[in-house]
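Heads up, the thing below is written out as structure tokens.
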Amino acid sequence: MLDIKLIRENVDIVRKRLASRNASEEKFVDEVLSLDDQRRKLLAEVEQLKATRNRVSKEIGALMGQKKLEEAEAKKKETRDMGDRVAELDKQVAEVELKRDGILISLPNLPHESVPIGKSFEDNPEIRVWGEKPKFDFQPKNHIELGESLKMLDFARATKLSGSGFILYTHWGAKLERSLIQFLLDLHTTDHGYIEVAPPHVVGPHCLEGVGQFPKFKDQYYGVVEGDRPDAMGKLYLIPTAETPVANIHREEILSAQQLPIRYCAYTPCFRGEAGAAGVGTRGMIRVHQFDKVELIKIVKPEDSYAELESMTANAEKVLQLLGLHYRVLLLCTGDMGFASAKTYDIEVWAPGQGDYLEVSSCSNCEDFQSRRMNMRFKTETGENKMPHILNGSGTALARLFVAFVETYQQPDGSIKIPPILQPYLKTDRISA
């Protein structure tokens, strides 16, 4: 959530940076300021009335001591009237605050000054490229053909179980998925210094609101009902990413400066209701309702957050480098950024069977946007309470990593070669029929 003080003191900058997102949210700035001004005036009146009431209360005591009972009673009525007015003003303050905060919580984060201005993904500059696209002396197959011929994937039975947009991994497919997850966890916890956590896969709406997924995207996630109770709807949701529970671990806490940085790593399945909609990419593993992901979360001091973003991106890139997969890194422009992000790098891996790049990681610095929504703070060395910056990144996401992997390492005979880094996990150097 944006800091109301920041909006008050930098209204033109806030309006300009919101406008750069090309979503017309800047039009709400004046309404927020108007409501905030109304709230502050009401609070000032409340404070003035309370001060007057305190003064009159002291006068009542003096009048009672002087046996001036009639005057004392008149003063008592005056204080009761002021009390009624204070109660009415408090109610008005709460109503105005609710309206103001309702708009604030729907506004996206401000893009960092280093983010390029743009309207869509077409305006995202390419920052760097690693490796080269694999060359084949045969016609490469896509992951659907490979998965079905090697009996690694069964899309038909997955549809029978759950409908479209789900995957059934079988035999070597299930083993490869598990091996990739274990490899990612080992890499990030052993080499990159993250602490592994295993969070719940269902959370309350406050967690989704904390990371900025609610209320704007509430229609895109799966609600969980206990039994057949309609009244339970909205109390729990399947997580769309491990970011949702992990970033909220320290919500409503005051951390010490010595605790920062905190670096968490978590594997979870992820559930997305909006994926798999009709259109391009709905068959196979490119867009699905459920997929696995290893997520990286950092909670850091504000002055360190952009250096931490670069290192997080490098951590995610290391996955693809060790697996020998060609990829590129893009810097998202203002019009293509996520709701909570101030700056985001996307990592896209090359999938030969698709003839295209697939996004397998987004690494974002949300600055204090999420910590403000969670009321997460840390105490500085000077004793001041400040909001930490929160970062998130995929380290990386499957099933697209799975797609790129099998399509890159396919062989002329239809088998899949396993690179040395993954052989200890999969306990084979080749997957064949």
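Residue numbering restarts at 1 in every chain; chains get A, B, ... in the order shown in the structure tokens, and ligands count up from 1 in that same order.
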Write out as a list in words the residues lying within 10 Å of His188 of chain A, counting only C-alpha atoms and excluding same-chain residues fewer than 2 positions away.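 Everything that qualifies: Phe183, Leu184, Leu185, Asp186, Thr190, Asp191, His192, Gly193, Tyr194, Ile195, Glu196, Arg263, Tyr264, Cys265, Ala266, Val294, Glu295, Leu296, Asn315, Ala316, Lys318, Val319 and Gly395 of chain A.
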Can you build me a table of segment 115-232 of chain A residues sitting at most 9 Å from segment 409-414 of chain A, with the closest atom pair per residue and its distance in Å to one decimal, using only C-alpha atoms, sorted by chain and residue number, as JSON lines?
```
{"residue": "A:Pro134", "atom": "CA", "partner": "A:Tyr409", "partner_atom": "CA", "distance": 8.8}
{"residue": "A:Phe136", "atom": "CA", "partner": "A:Pro412", "partner_atom": "CA", "distance": 8.5}
{"residue": "A:Asp137", "atom": "CA", "partner": "A:Pro412", "partner_atom": "CA", "distance": 8.1}
{"residue": "A:Phe138", "atom": "CA", "partner": "A:Pro412", "partner_atom": "CA", "distance": 6.5}
{"residue": "A:Gln139", "atom": "CA", "partner": "A:Pro412", "partner_atom": "CA", "distance": 8.5}
{"residue": "A:Pro140", "atom": "CA", "partner": "A:Gln410", "partner_atom": "CA", "distance": 7.5}
{"residue": "A:Lys141", "atom": "CA", "partner": "A:Gln410", "partner_atom": "CA", "distance": 7.9}
{"residue": "A:Leu146", "atom": "CA", "partner": "A:Gly414", "partner_atom": "CA", "distance": 7.1}
{"residue": "A:Ser149", "atom": "CA", "partner": "A:Gly414", "partner_atom": "CA", "distance": 8.0}
{"residue": "A:Leu150", "atom": "CA", "partner": "A:Gly414", "partner_atom": "CA", "distance": 8.0}
```
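Here the question is which of A:Arg80, A:Arg85, A:Arg377, A:Lys151 gets nearest to Ala174 of chain A using only C-alpha atoms, and that residue is A:Lys151.
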Please provide the set of residues having any atom within 9 Å of Arg400 of chain A, restricted to only C-alpha atoms, with same-chain residues fewer than 3 positions apart removed, written as a ChimeraX atom specification. /A:285-287,349,351,358-360,397,403-405
Backbone DSSP call of helix (DSSP H, G or I) for segment 325-374 of chain A, listed as a PyMOL selection string: chain A and resi 334-336+369-374
Output file for the residues above (N, CA and C atoms, as a compact mmCIF listing (two decimals), in the first residue's frame):
```txt
# COMPACT_ATOMS: atom_id res chain seq x y z
N THR A 334 7.03 -0.01 -17.32
CA THR A 334 5.99 0.43 -16.39
C THR A 334 4.62 -0.17 -16.70
N GLY A 335 4.33 -0.38 -17.98
CA GLY A 335 3.01 -0.88 -18.36
C GLY A 335 2.87 -2.38 -18.25
N ASP A 336 3.94 -3.10 -17.93
CA ASP A 336 3.90 -4.57 -17.89
C ASP A 336 4.24 -5.13 -16.52
N PHE A 369 5.82 -1.60 -0.06
CA PHE A 369 4.42 -1.70 -0.47
C PHE A 369 3.70 -2.83 0.26
N GLN A 370 4.34 -4.00 0.35
CA GLN A 370 3.73 -5.14 1.02
C GLN A 370 3.85 -5.05 2.54
N SER A 371 5.01 -4.64 3.03
CA SER A 371 5.19 -4.58 4.49
C SER A 371 4.22 -3.58 5.13
N ARG A 372 3.86 -2.53 4.40
CA ARG A 372 2.89 -1.56 4.92
C ARG A 372 1.50 -2.21 5.05
N ARG A 373 1.14 -3.03 4.05
CA ARG A 373 -0.14 -3.74 4.09
C ARG A 373 -0.17 -4.78 5.19
N MET A 374 1.00 -5.33 5.53
CA MET A 374 1.10 -6.37 6.57
C MET A 374 1.39 -5.79 7.95
```
